[in-house]
$ cat data.csv   # CSV, C-alpha atoms
chain,number,residue,atom,x,y,z
A,1,MET,CA,6.4,57.2,-70.0
A,2,ASN,CA,9.8,57.0,-68.4
A,3,LYS,CA,8.4,58.4,-65.2
A,4,LYS,CA,5.7,55.7,-65.2
A,5,ILE,CA,8.2,52.9,-65.7
A,6,ILE,CA,10.4,54.3,-62.9
A,7,LEU,CA,7.4,54.6,-60.5
A,8,VAL,CA,6.2,51.0,-61.2
A,9,THR,CA,9.8,49.7,-60.8
A,10,ALA,CA,10.2,51.5,-57.5
A,11,ILE,CA,6.8,50.2,-56.2
A,12,ALA,CA,7.8,46.7,-57.3
A,13,LEU,CA,11.2,46.9,-55.6
A,14,ALA,CA,9.7,48.4,-52.4
A,15,THR,CA,7.1,45.5,-52.3
A,16,PHE,CA,9.8,42.9,-52.7
A,17,VAL,CA,11.8,44.4,-49.9
A,18,ALA,CA,8.9,45.1,-47.6
A,19,ILE,CA,7.1,41.8,-47.8
A,20,PRO,CA,9.9,39.6,-46.4
A,21,ILE,CA,10.5,42.1,-43.6
A,22,PHE,CA,6.8,42.2,-42.8
A,23,ALA,CA,6.6,38.5,-43.0
A,24,GLN,CA,9.5,38.0,-40.7
A,25,THR,CA,8.2,40.4,-38.1
A,26,GLU,CA,4.8,38.7,-38.2
A,27,SER,CA,6.5,35.3,-37.9
A,28,LEU,CA,8.6,36.4,-35.0
A,29,SER,CA,5.7,37.8,-33.0
A,30,LYS,CA,3.8,34.5,-33.6
A,31,ILE,CA,6.7,32.4,-32.4
A,32,ILE,CA,7.0,34.6,-29.3
A,33,ALA,CA,3.3,34.4,-28.6
A,34,THR,CA,3.4,30.6,-29.0
A,35,ALA,CA,6.4,30.3,-26.7
A,36,ASP,CA,4.8,32.5,-24.1
A,37,LYS,CA,1.7,30.3,-24.2
A,38,LEU,CA,3.8,27.1,-23.8
A,39,ILE,CA,5.7,28.7,-20.9
A,40,ALA,CA,2.5,29.9,-19.2
A,41,GLN,CA,1.0,26.4,-19.4
A,42,ARG,CA,4.0,24.9,-17.8
A,43,VAL,CA,4.3,27.5,-15.1
A,44,LEU,CA,0.6,26.9,-14.2
A,45,SER,CA,1.1,23.1,-14.1
A,46,LEU,CA,4.2,23.5,-12.0
A,47,ASN,CA,2.5,25.8,-9.5
A,48,ASN,CA,-0.4,23.3,-9.2
A,49,LEU,CA,2.2,20.5,-8.5
A,50,SER,CA,3.9,22.7,-5.9
A,51,THR,CA,0.6,23.2,-4.1
A,52,ARG,CA,0.0,19.4,-4.3
A,53,ILE,CA,3.4,18.6,-2.9
A,54,THR,CA,3.0,21.2,-0.1
A,55,ASN,CA,-0.3,19.7,0.9
A,56,ALA,CA,0.9,16.1,0.7
A,57,LYS,CA,0.2,14.2,3.9
A,58,LYS,CA,2.5,11.2,4.0
A,59,ILE,CA,5.7,12.3,2.5
A,60,THR,CA,8.1,14.0,4.9
A,61,ASP,CA,9.2,17.6,4.9
A,62,GLU,CA,12.7,16.3,4.0
A,63,GLN,CA,11.3,14.6,0.9
A,64,LYS,CA,9.2,17.7,0.1
A,65,LYS,CA,12.0,20.2,0.2
A,66,PRO,CA,14.1,19.0,-2.8
A,67,LEU,CA,10.9,18.6,-4.9
A,68,LEU,CA,9.6,22.1,-4.1
A,69,SER,CA,13.1,23.4,-4.8
A,70,SER,CA,13.2,21.6,-8.1
A,71,ILE,CA,9.8,23.0,-9.1
A,72,GLN,CA,10.8,26.5,-8.2
A,73,ASN,CA,14.0,26.1,-10.2
A,74,GLN,CA,12.0,25.0,-13.2
A,75,ILE,CA,9.7,28.0,-12.9
A,76,THR,CA,12.7,30.4,-12.6
A,77,GLN,CA,14.3,28.9,-15.7
A,78,LEU,CA,11.0,29.2,-17.6
A,79,ASN,CA,10.6,32.8,-16.6
A,80,ASN,CA,14.2,33.5,-17.7
A,81,LEU,CA,13.6,31.8,-21.0
A,82,LYS,CA,10.4,33.8,-21.5
A,83,ALA,CA,12.3,37.0,-20.9
A,84,LYS,CA,14.9,35.9,-23.5
A,85,ILE,CA,12.4,34.9,-26.1
A,86,ASP,CA,10.4,38.1,-25.7
A,87,ALA,CA,13.6,40.0,-26.4
A,88,ASP,CA,14.6,37.9,-29.4
A,89,LYS,CA,15.1,39.9,-32.6
A,90,ASP,CA,15.2,37.2,-35.3
A,91,VAL,CA,13.1,34.1,-36.2
A,92,ALA,CA,16.0,31.6,-36.0
A,93,THR,CA,16.9,32.5,-32.4
A,94,ALA,CA,13.3,32.6,-31.3
A,95,LYS,CA,12.6,29.2,-32.9
A,96,ALA,CA,15.7,27.7,-31.2
A,97,ASP,CA,14.7,29.2,-27.8
A,98,THR,CA,11.1,27.9,-28.2
A,99,LYS,CA,12.4,24.4,-29.0
A,100,SER,CA,14.4,24.5,-25.8
A,101,ILE,CA,11.2,24.8,-23.8
A,102,ALA,CA,10.5,21.2,-24.6
A,103,ASP,CA,14.1,19.9,-25.1
A,104,SER,CA,16.1,21.1,-22.2
A,105,LEU,CA,13.6,21.7,-19.5
A,106,ARG,CA,11.6,18.5,-20.0
A,107,ILE,CA,8.7,19.8,-17.9
A,108,TYR,CA,6.1,17.4,-19.3
A,109,ALA,CA,8.5,14.6,-20.1
A,110,LEU,CA,10.2,14.3,-16.8
A,111,ILE,CA,9.5,16.9,-14.0
A,112,MET,CA,5.7,16.7,-14.1
A,113,PRO,CA,5.3,12.9,-14.3
A,114,GLN,CA,8.1,12.6,-11.6
A,115,ILE,CA,6.2,14.8,-9.2
A,116,GLN,CA,2.8,13.5,-10.2
A,117,ILE,CA,4.1,10.0,-9.3
A,118,ILE,CA,5.3,11.2,-5.9
A,119,GLY,CA,2.0,13.0,-5.3
A,120,ALA,CA,0.0,9.9,-6.3
A,121,SER,CA,2.2,7.7,-4.1
A,122,ASP,CA,1.4,10.1,-1.2
A,123,ARG,CA,-2.3,9.6,-1.9
A,124,VAL,CA,-1.8,5.9,-2.0
A,125,MET,CA,-0.3,6.0,1.5
A,126,ALA,CA,-3.0,8.3,2.8
A,127,THR,CA,-5.7,6.0,1.4
A,128,ALA,CA,-3.9,2.9,2.9
A,129,GLU,CA,-3.9,4.6,6.3
A,130,ASN,CA,-7.6,5.1,6.1
A,131,LEU,CA,-8.1,1.5,5.1
A,132,ALA,CA,-5.9,0.4,8.0
A,133,ARG,CA,-8.2,2.4,10.3
A,134,VAL,CA,-11.3,0.7,8.9
A,135,GLN,CA,-9.5,-2.7,9.2
A,136,LEU,CA,-8.8,-2.2,12.9
A,137,LYS,CA,-12.4,-1.2,13.6
A,138,MET,CA,-13.8,-4.2,11.7
A,139,GLN,CA,-11.2,-6.6,13.3
A,140,ALA,CA,-12.4,-5.4,16.7
A,141,ARG,CA,-16.0,-6.4,15.8
A,142,ILE,CA,-14.8,-9.7,14.3
A,143,ASP,CA,-13.0,-10.5,17.6
A,144,VAL,CA,-16.2,-9.9,19.5
A,145,LEU,CA,-18.2,-12.2,17.1
A,146,LYS,CA,-15.6,-15.0,17.3
A,147,THR,CA,-17.1,-16.3,20.6
A,148,LYS,CA,-20.6,-16.3,19.2
A,149,THR,CA,-20.4,-17.5,15.6
A,150,ASP,CA,-18.1,-18.8,12.9
A,151,THR,CA,-16.0,-15.9,11.6
A,152,THR,CA,-13.5,-17.8,9.4
A,153,ALA,CA,-14.6,-16.1,6.2
A,154,LEU,CA,-14.7,-12.7,7.8
A,155,GLN,CA,-11.2,-13.3,9.2
A,156,GLN,CA,-9.9,-14.3,5.7
A,157,TYR,CA,-11.3,-11.0,4.2
A,158,SER,CA,-9.7,-9.0,7.1
A,159,ASP,CA,-6.3,-10.7,6.6
A,160,ASP,CA,-6.5,-10.1,2.8
A,161,LEU,CA,-7.4,-6.5,3.4
A,162,LYS,CA,-4.4,-6.1,5.7
A,163,ALA,CA,-2.1,-7.7,3.2
A,164,LYS,CA,-3.4,-5.5,0.4
A,165,ILE,CA,-2.8,-2.4,2.5
A,166,ALA,CA,0.8,-3.4,3.2
A,167,ASP,CA,1.5,-4.1,-0.4
A,168,ALA,CA,0.0,-0.8,-1.5
A,169,ASN,CA,2.2,1.0,1.0
A,170,ALA,CA,5.3,-0.9,-0.2
A,171,GLN,CA,4.6,-0.1,-3.8
A,172,ALA,CA,4.1,3.6,-3.1
A,173,VAL,CA,7.4,3.8,-1.1
A,174,ALA,CA,9.2,2.0,-4.0
A,175,ALA,CA,7.7,4.3,-6.6
A,176,ILE,CA,8.9,7.4,-4.7
A,177,THR,CA,12.4,6.0,-4.2
A,178,GLU,CA,12.6,5.1,-7.9
A,179,VAL,CA,11.8,8.5,-9.3
A,180,SER,CA,13.2,10.8,-6.6
A,181,ASN,CA,16.7,11.2,-8.1
A,182,LEU,CA,15.9,11.5,-11.8
A,183,VAL,CA,17.6,14.5,-13.6
A,184,PRO,CA,16.8,16.1,-16.9
A,185,ASP,CA,18.4,14.4,-19.9
A,186,ASN,CA,19.6,17.7,-21.5
A,187,GLY,CA,19.2,16.1,-24.9
A,188,VAL,CA,21.2,13.0,-24.1
A,189,LYS,CA,19.1,10.2,-25.6
A,190,THR,CA,20.3,7.4,-23.4
A,191,VAL,CA,19.5,9.4,-20.2
A,192,GLN,CA,16.1,10.2,-21.8
A,193,GLN,CA,15.4,6.6,-22.4
A,194,SER,CA,16.5,5.6,-18.9
A,195,ASN,CA,14.3,8.3,-17.3
A,196,THR,CA,11.3,7.2,-19.3
A,197,ALA,CA,11.8,3.6,-18.4
A,198,THR,CA,12.1,4.5,-14.7
A,199,LEU,CA,9.0,6.7,-14.8
A,200,LYS,CA,7.1,3.8,-16.5
A,201,SER,CA,8.3,1.3,-13.9
A,202,ALA,CA,7.2,3.6,-11.1
A,203,ARG,CA,3.9,4.2,-12.8
A,204,ASN,CA,3.5,0.4,-12.9
A,205,LYS,CA,4.0,0.2,-9.2
A,206,LEU,CA,1.3,2.9,-8.7
A,207,LYS,CA,-1.0,0.8,-10.9
A,208,ILE,CA,-0.4,-2.2,-8.6
A,209,ALA,CA,-0.9,-0.1,-5.5
A,210,THR,CA,-4.2,1.3,-7.0
A,211,GLU,CA,-5.4,-2.3,-7.7
A,212,ASP,CA,-4.4,-3.3,-4.1
A,213,LEU,CA,-6.4,-0.4,-2.7
A,214,THR,CA,-9.4,-1.2,-4.9
A,215,ALA,CA,-9.4,-4.8,-3.9
A,216,ALA,CA,-8.9,-3.8,-0.2
A,217,ARG,CA,-11.9,-1.5,-0.5
A,218,LYS,CA,-13.9,-4.4,-1.9
A,219,ASP,CA,-12.8,-6.6,1.0
A,220,ALA,CA,-13.8,-3.9,3.5
A,221,GLY,CA,-17.3,-3.6,1.9
A,222,ASN,CA,-17.7,-7.4,2.1
A,223,ILE,CA,-16.6,-7.5,5.7
A,224,LEU,CA,-19.0,-4.7,6.7
A,225,LYS,CA,-21.9,-6.4,4.9
A,226,ALA,CA,-21.2,-9.7,6.6
A,227,LEU,CA,-20.7,-8.0,10.0
A,228,LYS,CA,-24.1,-6.3,9.7
A,229,GLU,CA,-25.7,-9.6,8.9
A,230,ALA,CA,-23.9,-11.5,11.6
A,231,THR,CA,-24.8,-8.8,14.2
A,232,LYS,CA,-28.5,-9.0,13.1
A,233,LYS,CA,-28.5,-12.8,13.6
A,234,ILE,CA,-27.0,-12.6,17.1
A,235,ILE,CA,-28.9,-9.6,18.2
A,236,PRO,CA,-32.1,-9.8,16.2
A,237,GLY,CA,-33.7,-6.6,15.1
A,238,THR,CA,-30.6,-4.5,15.4
A,239,THR,CA,-27.2,-3.8,13.9
A,240,LYS,CA,-25.9,-2.6,17.2
A,241,PRO,CA,-22.2,-1.9,17.0
A,242,THR,CA,-19.7,-3.5,19.3
A,243,LYS,CA,-17.7,-0.9,21.1
B,1,MET,CA,28.7,-8.9,96.6
B,2,SER,CA,27.2,-5.6,97.7
B,3,THR,CA,24.8,-3.5,95.7
B,4,SER,CA,27.3,-0.8,95.0
B,5,GLN,CA,29.7,-3.4,93.6
B,6,ILE,CA,27.0,-4.8,91.3
B,7,ILE,CA,26.3,-1.2,90.0
B,8,ILE,CA,30.0,-0.6,89.4
B,9,TRP,CA,30.3,-3.9,87.4
B,10,ILE,CA,27.2,-2.9,85.3
B,11,ILE,CA,28.8,0.5,84.6
B,12,VAL,CA,32.1,-1.2,83.7
B,13,ALA,CA,30.3,-3.6,81.4
B,14,ILE,CA,28.4,-0.8,79.7
B,15,LEU,CA,31.6,1.2,79.2
B,16,VAL,CA,33.4,-1.9,77.7
B,17,ILE,CA,30.5,-2.7,75.4
B,18,THR,CA,30.3,1.0,74.3
B,19,GLY,CA,34.1,1.1,73.8
B,20,ILE,CA,34.1,-2.1,71.6
B,21,TRP,CA,31.2,-0.8,69.5
B,22,GLY,CA,33.0,2.6,69.2
B,23,LEU,CA,36.1,0.9,67.9
B,24,TRP,CA,34.1,-1.3,65.5
B,25,TRP,CA,32.3,1.8,64.2
B,26,TYR,CA,35.6,3.7,63.8
B,27,ALA,CA,37.2,0.8,62.0
B,28,SER,CA,34.2,0.5,59.7
B,29,ILE,CA,34.5,4.0,58.4
B,30,ARG,CA,38.3,4.3,58.4
B,31,ASP,CA,39.6,1.0,57.1
B,32,ILE,CA,36.9,0.1,54.6
B,33,PRO,CA,36.3,3.3,52.5
B,34,GLU,CA,34.2,1.4,50.0
B,35,ARG,CA,31.6,0.9,52.6
B,36,ALA,CA,31.4,4.7,53.2
B,37,LYS,CA,30.4,5.2,49.6
B,38,PRO,CA,26.8,4.9,48.7
B,39,ILE,CA,26.0,1.6,47.0
B,40,PRO,CA,24.9,2.3,43.5
B,41,VAL,CA,21.4,1.1,42.9
B,42,THR,CA,20.5,-0.1,39.5
B,43,VAL,CA,16.9,0.7,38.7
B,44,GLN,CA,15.6,-1.5,35.9
B,45,LYS,CA,13.8,0.8,33.6
B,46,LYS,CA,10.5,-0.7,32.4
B,47,THR,CA,10.1,-0.7,28.7
B,48,PRO,CA,6.8,1.1,27.9
B,49,PRO,CA,4.3,-1.2,26.4
B,50,PRO,CA,3.8,-0.6,22.6
B,51,ALA,CA,1.1,2.0,22.0
B,52,LYS,CA,-2.2,0.4,21.3
B,53,PRO,CA,-3.6,1.4,17.9
B,54,VAL,CA,-6.6,3.7,18.3
B,55,ILE,CA,-9.6,1.8,17.1
B,56,GLY,CA,-12.2,4.4,18.1
B,57,ASP,CA,-15.9,4.1,17.1
B,58,THR,CA,-16.6,0.7,15.5
B,59,SER,CA,-20.2,1.4,14.5
B,60,ASP,CA,-21.5,0.8,11.0
B,61,LYS,CA,-21.9,4.6,10.7
B,62,ALA,CA,-18.2,5.3,11.6
B,63,ILE,CA,-16.9,2.6,9.2
B,64,ASP,CA,-19.2,3.8,6.4
B,65,SER,CA,-17.9,7.4,6.9
B,66,VAL,CA,-14.3,6.3,6.5
B,67,LEU,CA,-15.2,4.1,3.5
B,68,THR,CA,-16.8,7.2,1.8
B,69,THR,CA,-13.5,9.1,2.3
B,70,ILE,CA,-11.6,6.1,0.9
B,71,ASP,CA,-13.9,6.0,-2.2
B,72,ALA,CA,-13.1,9.7,-2.9
B,73,GLN,CA,-9.4,9.0,-2.4
B,74,ILE,CA,-9.4,6.1,-4.9
B,75,LYS,CA,-11.3,8.2,-7.4
B,76,ALA,CA,-8.8,11.0,-7.1
B,77,LEU,CA,-6.0,8.4,-7.4
B,78,ASN,CA,-7.4,7.2,-10.7
B,79,THR,CA,-7.5,10.9,-11.9
B,80,ASP,CA,-3.8,11.2,-10.8
B,81,THR,CA,-2.7,8.1,-12.7
B,82,ALA,CA,-4.6,9.3,-15.8
B,83,GLY,CA,-2.6,12.5,-15.7
B,84,ILE,CA,0.6,10.6,-15.4
B,85,ASP,CA,-0.3,8.4,-18.3
B,86,GLN,CA,-1.0,11.5,-20.4
B,87,ASN,CA,2.5,12.8,-19.8
B,88,LEU,CA,4.2,9.4,-20.3
B,89,LYS,CA,2.5,8.7,-23.6
$ encode --input "data.csv" --output "structure tokens"
Amino acid sequence: MNKKIILVTAIALATFVAIPIFAQTESLSKIIATADKLIAQRVLSLNNLSTRITNAKKITDEQKKPLLSSIQNQITQLNNLKAKIDADKDVATAKADTKSIADSLRIYALIMPQIQIIGASDRVMATAENLARVQLKMQARIDVLKTKTDTTALQQYSDDLKAKIADANAQAVAAITEVSNLVPDNGVKTVQQSNTATLKSARNKLKIATEDLTAARKDAGNILKALKEATKKIIPGTTKPTK
Amino acid sequence: MSTSQIIIWIIVAILVITGIWGLWWYASIRDIPERAKPIPVTVQKKTPPPAKPVIGDTSDKAIDSVLTTIDAQIKALNTDTAGIDQNLK
């Protein structure tokens, strides 16, 4: 009887000791796995951004250099953090390290939108350049038509198109300037708020630039349509271009 | 006046004229050094005319082709801004 009681008590004690140890081990491995996943997502996003900035057409090499360096720096920090988390032995440290992925590095809150805004601004400028090419081509045709027909409406569209292109470019340059010098807040709330406000302001500039480009594209479509019709009237049966 | 006298007068006149010219030439290179130096010539550099923008092919087809590229760029730009909005939520 006594042996049975001793055996049951021993099993009960062993279970009470083993369960928390097992639970902690399982919890630690889960935290590490989650952290690794979060880090892998961020490294992938940063690598994509790096490629995007490398291939950007309108921003200069001087502008690219600090951005690429910043991205590389973030990737290095993430890899170092991953190595630390993988080596963590207790849940509390692993949790704290995992929290720092979001808190101190600010990949999604700052770095990514910052570089996305610069990348999008570069695209705005490249699009504006193409629209300017189209505007020049169409203006040449309007100039030829001026001696033959009334081109007042066409000229208005062309002038509007030109103004929209200029504004889109100005907005893109302003957006790049605004976000270029932002730095991680490192947990300082006022810096965080200031960064967010700046990013939103730059985003708003991009919104205006996109609206400009969309309106300019619409103008270009209207001009081309009118040019085709005017050319048909002057040279019946053809839409022969003016070279 | 005999012929020989006329010839002598001509020779004397030639010698006098040559002497005066020689003295003038010597004075010109000795006393006025500035004149021996080459006179600097300022060449007005012409400002090159501003480069004319390249217009290229103005046909409907060429314009349509660029417009197609622009449409794709604006579409990509909308995707870019959607991505930014997602991170700025």
$ interface_residues --input "data.csv" --of "chain B" --to "chain A" --cutoff "10 Å" --atoms "only C-alpha atoms" --output "ChimeraX atom specification"
/B:53-67,69-81,83-89
$ atom_distance --input "data.csv" --atom1 "CA of Leu154 in chain A" --atom2 "CA of Asp212 in chain A"
18.3 Å
$ atom_distance --input "data.csv" --atom1 "CA of Leu161 in chain A" --atom2 "CA of Asp143 in chain A"
15.8 Å
$ atom_distance --input "data.csv" --atom1 "CA of Ala153 in chain A" --atom2 "CA of Asn222 in chain A"
10.1 Å
$ residues_near_point --input "data.csv" --point "(6.4, 25.5, -15.3)" --cutoff "9 Å" --atoms "all atoms listed in the file" --output "ChimeraX atom specification"
/A:39-47,71-72,74-79,107,112
